[in-house]
Amino acid sequence: MDDKYLKSLDRALEKIPKKSVSAERFEEPKPQIMVFGKSKTMVANFADIAKKLNRDPQHILKFLSKELATKCNFDGQRVFFQGKFREEPITRLLHIYITNYVICTICHRPDTKVEKSGRYISLVCEACGAKSPARPL
């Protein structure tokens with residue numbers, strides 16, 4: 001009876017699917033890019049990205065507009081950039097922003113907030129309590 005039980009367990013283990021989803025609870029948001037003609041690029045889900053990152057949309061906009069060297073307009077939900085930009089550079093810049101201003105350098109969790117004291121900006125982790133300097137915008 002023990003052999004029968006062990007064989008049954010082996011069959012059951014074979015049927016269990018391998019881990020296919022990441023154990024990470026934080027996934028970088030993907031911007032939904034739309035290009036209008038030769039002069040405007042829209043990120044349709046910008047407010048959702050800011051909410052998911054738990055950051056002020058104006059802080060993210062300041063970073064992106066400096067890095068893209070262009071003007072932008074935020075209407076509360078979407079952002080419009082002057083110029084034609086593909087999805088790749090905006091996604092890459094968003095990843096750089098997340099690395100510098102969202103992810104804790106010690107525990108690598110996204111549970112952080114930006115604190116400004118005088119001229120200095122710090123990234124304070126609510127998970128591990130670490131306080132690390134952030135690059136000023």
# chains A, B, ... in the order shown; residues from 1 in each chain; ligands from 1

$ residues_around --residues "Glu87 (chain A)" --least-positions-apart "6" --cutoff "12 Å" --atoms "only C-alpha atoms" --output "number ranges by chain"
A: 30-35, 41-44, 93-94

$ select_by_dssp --residues "region 3-131 of chain A" --states "strand (DSSP E or B)" --output "ChimeraX atom specification"
/A:33-36,40-43,72-74,79-82,112-117,120-125,131

$ residues_around --residues "Lys84 (chain A)" --least-positions-apart "4" --cutoff "6 Å" --atoms "only C-alpha atoms" --output "MDAnalysis selection string"
chainID A and resid 38:41

$ write_last_selection --atoms "C-alpha atoms" --output "PDB file, in the first residue's frame"
ATOM      1  CA  LYS A  38       5.020  64.195 -36.427  1.00  0.00           C
ATOM      2  CA  SER A  39       4.681  66.448 -33.448  1.00  0.00           C
ATOM      3  CA  LYS A  40       2.851  64.819 -30.527  1.00  0.00           C
ATOM      4  CA  THR A  41       3.214  61.680 -28.459  1.00  0.00           C
TER       5      THR A  41
END

$ atom_distance --atom1 "CA of Lys52 (chain A)" --atom2 "CA of Phe81 (chain A)"
20.8 Å

$ residues_around --residues "Leu64 (chain A)" --least-positions-apart "4" --cutoff "12 Å" --atoms "only C-alpha atoms" --output "list in words"
Val43, Phe46, Pro57, Gln58, His59, Ile60, Leu68, Ala69, Thr70, Lys71, Cys72, Asn73, Val79, Phe80, Phe81, Gln82, Phe85, Pro89, Ile90, Thr91, Arg92, Leu93, Leu94, His95, Ile96, Tyr97, Ile98 and Leu137 of chain A

$ residues_around --residues "Cys128 (chain A)" --least-positions-apart "2" --cutoff "9 Å" --atoms "only C-alpha atoms" --output "PyMOL selection string"
chain A and resi 104+106-107+109+111+124-126+130

$ write_last_selection --atoms "C-alpha atoms" --output "PDB file, in the first residue's frame"
ATOM      1  CA  CYS A 104      14.907  50.875  -2.317  1.00  0.00           C
ATOM      2  CA  ILE A 106      18.927  48.242   0.272  1.00  0.00           C
ATOM      3  CA  CYS A 107      15.988  45.798   0.166  1.00  0.00           C
ATOM      4  CA  ARG A 109      11.289  46.880  -2.669  1.00  0.00           C
ATOM      5  CA  ASP A 111       7.701  50.665  -0.699  1.00  0.00           C
ATOM      6  CA  VAL A 124      12.970  56.562   2.533  1.00  0.00           C
ATOM      7  CA  CYS A 125      11.977  52.898   2.534  1.00  0.00           C
ATOM      8  CA  GLU A 126       8.863  52.060   4.514  1.00  0.00           C
ATOM      9  CA  ALA A 130      16.643  52.688   4.990  1.00  0.00           C
TER      10      ALA A 130
END

$ atom_distance --atom1 "CA of Lys116 (chain A)" --atom2 "CA of Ala50 (chain A)"
18.4 Å

$ select_by_dssp --residues "region 54-122 of chain A" --states "helix (DSSP H, G or I)" --output "ChimeraX atom specification"
/A:57-68,87-101

$ closest_residue --among "A:Val102, A:Ile16, A:Phe36, A:Tyr5" --to "Gly83 (chain A)" --atoms "only C-alpha atoms"
A:Phe36
